[in-house]
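Worksheet: the structure to be examined is printed underneath.
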Amino acid sequence: MTDMAPTPGSHISVQGVHKVFQSGGQDVYALKSIDLEIARGEFVCLLGPSGCGKSTLLNAVAGFSLPSSGHIHVDGVPITAPGPDRGMVFQEYALFPWMTVEQNIAFGLQIKGDPKPAIQAKVDSLLELLHLQDFRKRYPKDLSGGMRQRVAIARVLALDSPIMLMDEPFGALDALTRRNLQDELLRLWTELKKTILFVTHSIEEALYLADRTVVMTYRPGTLKRDLRVDLPRPRDVASPGFNALKKELSLLLMEEQNRHEQDEFRGAAVD
Amino acid sequence: MKRYKHAASGILVPLAALAFWQLLSTMGWVNATILPSPMQVLTKWWAYLRPLEAFDPAQGSYFKWCFSGELPQDAMGSLYRVLVGFAIGTGLALPLGLSMGYSKVVNALFNPLIQVLRPIPPIAYIPLSILWFGLGNPPAIFLISIGAFFPVLMNTVTGVQNVDSIYLRVGRNLGASRFTQFTRIILPAATPYIFTGARIGMGTAFIVVIVSEMIAVNNGLGYRILEAREYLWSDKIIAGMFTIGLLGLGIDTVMSRLSSRMLRWHRGLEQG
């Protein structure tokens, strides 16, 4: 295979990526031959059953665990380590519990070495942007799940990173809070023109948010379907167009879910 | 209202015990030398507490005079040894514990020795401490620092090793250097463990100070109750023991107040 150059015009370029784990002396392909081009300002959802490698792919782009082979480029530069140009919002909030809301948001800016007044101004504007002004002195333990995730988003936005990576960020929230934050995220995305790679196992969430929904298969993790969602925003989850896509993705996902279950049964039989 | 009820029930058992004790003495069921009455103990306690000489401005301030009695002097002596010993033990345990928790290499180097030394009770160091340091404060402080050292060390190591890896991932994602990772993430994340270790270490230090005073020092609360035994002053022994109990309670209260103040963010310490 020749050394591949990133596709011109792509913001994130994933080419021929494999990720192999050793399990019981056997090679398990968490990711196999992944090719994915994401344009600047695009909102892409990775959709799939648990264990399909969607988080693995996200972590590879984040630089937390590099691929076994293949290339990932951001703006034409190969990824070698995590960095503040790719801010990540984690599933478990991952706020620093010993820092107040504003300290959490300011932390990345302090690392960057911004001057104090600039940090303060930035934190103030983010608190306002995410409606967190009244909570600035609170510790994470005193916040609801939705509020915590707002802080986590603000912390990433503080970095001004062009890319936001989101690992099932709303998975633990109740339906209403979830919808609320989805709308908030769309508002921020439109306003700030970020490229977003968003992992979810909810079909509805993917269709509600994304420009493109990429369905992944269960072991080996490959791309099963790359679906462009052309519905106008704000999207109506009850509309016929939405439901047609939902049905289509459900069928695809169901196939993978079944393979996953068969795999688990086989595993149990071997044990 | 409920609070008063709680306080009232908290005092019930001590009062009953006191009444029973007084009954034993008044009825003459026990020898007063073996177990003096509560009133006797209280009288002795006051005598032990109050200044021995009349107030004389030439000798220093009124405040100083207030603490010139035998008991305050003993208590301050014991407290001094506890604090110095604890500071030395903690001062050595913290840097070692942080580096052992952070670096597998440092841990591999030091852990075997630590595991052999750790089960030796500080009291077993008494002969060596006297050989090395003679009598007085130095051997006592040496023993106390050993008593404080191990709990702080073990908890610090565990605290650093148990830092949730997600915090480190966030740190890397935000671009934190190794130094920043350590000072702003690992250290604060480990503080709940470190405080627990410090509290246990302080408790051990307090036990060791009493023992070491019985052997190597000629003042302090531990020395005083052993001295009282020579004269068969059981009332003074009991007064001294209560003082030790109250001082220990005081130290522990200060420690726990301090840690809940500094760990306001911590889930386990939510206050109403």
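By convention here, the chains of the structure tokens are called A, B, ... in the order presented, each chain's residues are numbered starting at 1, and ligands are numbered starting at 1 in the order presented.
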Worksheet item: When the cut-off is 6 Å and we count only C-alpha atoms, which residues of chain B are near chain A, given as a VMD selection string?
Response: chain B and resid 173 to 176 265
When you look at Pro122 (chain B) with a cut-off of 9 Å (counting only C-alpha atoms), what residues show up, excluding the ones that are within fewer than 5 positions of it in the same chain? I need them as a compact mmCIF listing (two decimals) with C-alpha atoms, in the first residue's frame.
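File produced: out-v8.txt:
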# COMPACT_ATOMS: atom_id res chain seq x y z
CA LEU B 143 8.62 7.36 67.59
CA ILE B 144 5.69 9.62 66.82
CA SER B 145 6.96 10.42 63.36
CA ILE B 146 7.21 6.69 62.64
CA GLY B 147 3.64 6.27 63.85
CA VAL B 208 2.50 6.79 70.50
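Distance-wise, CA of Gly134 (chain B) and CA of Ile225 (chain B) end up 21.7 Å apart.
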Practice prompt. Show which residues sit within 9 Å of Lys32 (chain A), as a PyMOL selection string. Count only C-alpha atoms, and ignore same-chain residues fewer than 3 positions away.
Written response: chain A and resi 16-20+29+219-223
If you keep C-alpha atoms, can you produce a file of those selected residues as a tab-separated table (two decimals), in the first residue's frame?
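Saved as part.tsv:
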chain	number	residue	atom	x	y	z
A	16	GLY	CA	-7.52	2.52	5.79
A	17	VAL	CA	-7.62	2.47	9.56
A	18	HIS	CA	-7.35	-0.84	11.40
A	19	LYS	CA	-7.37	-1.30	15.13
A	20	VAL	CA	-6.51	-4.75	16.40
A	29	TYR	CA	-10.61	-6.29	14.75
A	219	ARG	CA	-16.91	-6.94	14.96
A	220	PRO	CA	-15.08	-6.37	12.80
A	221	GLY	CA	-15.97	-2.70	13.07
A	222	THR	CA	-16.49	-1.46	9.56
A	223	LEU	CA	-18.62	1.23	7.98
Item to complete: Step one, run DSSP on the backbone; step two, keep only residues of region 156-230 of chain B assigned to helix (DSSP H, G or I); then write them as JSON, numbers by chain.
Response: {"B": [156, 157, 158, 159, 160, 161, 165, 166, 167, 168, 169, 170, 171, 172, 173, 178, 179, 180, 181, 182, 183, 184, 185, 186, 187, 188, 189, 190, 191, 192, 193, 194, 195, 196, 197, 198, 199, 200, 201, 202, 203, 204, 205, 206, 207, 208, 209, 210, 211, 212, 213, 214, 215, 221, 222, 223, 224, 225, 226, 227, 228, 229, 230]}
Write out as a PDB file with C-alpha atoms, in the first residue's frame which residues come within 12 Å of Phe182 (chain B) when counting only C-alpha atoms, dropping same-chain ones fewer than 2 positions away.
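Full text of selection28.pdb as output:
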ATOM      1  CA  LEU B  98       3.391  10.815  45.787  1.00  0.00           C
ATOM      2  CA  SER B  99       6.394   9.555  43.860  1.00  0.00           C
ATOM      3  CA  GLY B 101       2.073   6.328  43.507  1.00  0.00           C
ATOM      4  CA  TYR B 102       3.076   8.188  40.369  1.00  0.00           C
ATOM      5  CA  SER B 103       6.056   6.133  39.235  1.00  0.00           C
ATOM      6  CA  VAL B 160      -2.381   8.619  43.560  1.00  0.00           C
ATOM      7  CA  VAL B 163      -6.924   8.624  40.291  1.00  0.00           C
ATOM      8  CA  TYR B 167      -9.417  12.815  34.482  1.00  0.00           C
ATOM      9  CA  LEU B 168      -5.982  12.166  33.022  1.00  0.00           C
ATOM     10  CA  GLY B 171      -6.025  16.613  30.998  1.00  0.00           C
ATOM     11  CA  ARG B 172      -4.240  15.270  27.929  1.00  0.00           C
ATOM     12  CA  ALA B 176      -1.817  19.649  30.040  1.00  0.00           C
ATOM     13  CA  SER B 177       1.904  19.039  30.547  1.00  0.00           C
ATOM     14  CA  ARG B 178       3.011  16.235  32.859  1.00  0.00           C
ATOM     15  CA  PHE B 179       3.717  18.789  35.549  1.00  0.00           C
ATOM     16  CA  THR B 180       0.254  20.338  35.235  1.00  0.00           C
ATOM     17  CA  ARG B 184      -3.760  20.202  39.050  1.00  0.00           C
ATOM     18  CA  ILE B 185      -5.224  16.725  38.541  1.00  0.00           C
ATOM     19  CA  ILE B 186      -3.411  13.923  40.353  1.00  0.00           C
ATOM     20  CA  LEU B 187      -2.713  15.851  43.548  1.00  0.00           C
ATOM     21  CA  PRO B 188      -6.227  17.205  44.116  1.00  0.00           C
ATOM     22  CA  ALA B 189      -7.788  13.900  43.080  1.00  0.00           C
ATOM     23  CA  ALA B 190      -5.681  12.138  45.721  1.00  0.00           C
TER      24      ALA B 190
END
Practice prompt. Rank nothing, just name the residue among A:Ser144, A:Ile38, A:Gln91, A:Lys246 nearest to Ile166 (chain B), using only C-alpha atoms.
Written response: A:Gln91
Discussion item. I'd like the contact shell of region 72-81 of chain B - 8 Å cut-off, only C-alpha atoms, skipping same-chain residues fewer than 4 positions apart - returned as a list in words.
Written reply: Leu49, Phe67, Ser68, Gly85, Asn137, Ala140, Ile141, Ile144, Val209, Ile210, Asn219, Gly220, Leu221, Arg224 and Leu247 of chain B
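All residues of protein, DNA or RNA that reach within 12 Å of Glu204 (chain A), judged by only C-alpha atoms and not counting those fewer than 4 positions away in the chain, are A:Cys45, A:Leu47, A:Ala175, A:Arg178, A:Arg179, A:Gln182, A:Thr200, A:Tyr208, A:Leu209, A:Ala210, A:Thr213, A:Val229, A:Arg235, A:Asp236, A:Val237, A:Ala238, A:Phe242, A:Asn243, A:Ala244, A:Leu245, A:Lys246, A:Lys247, A:Glu248, A:Leu249, A:Ser250.
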Item to complete: Would you list the contacts of Leu185 (chain A) as a count of residues only, taking every protein, DNA or RNA residue within 10 Å and counting only C-alpha atoms, but skipping same-chain residues closer than 4 positions in sequence?
Response: 10
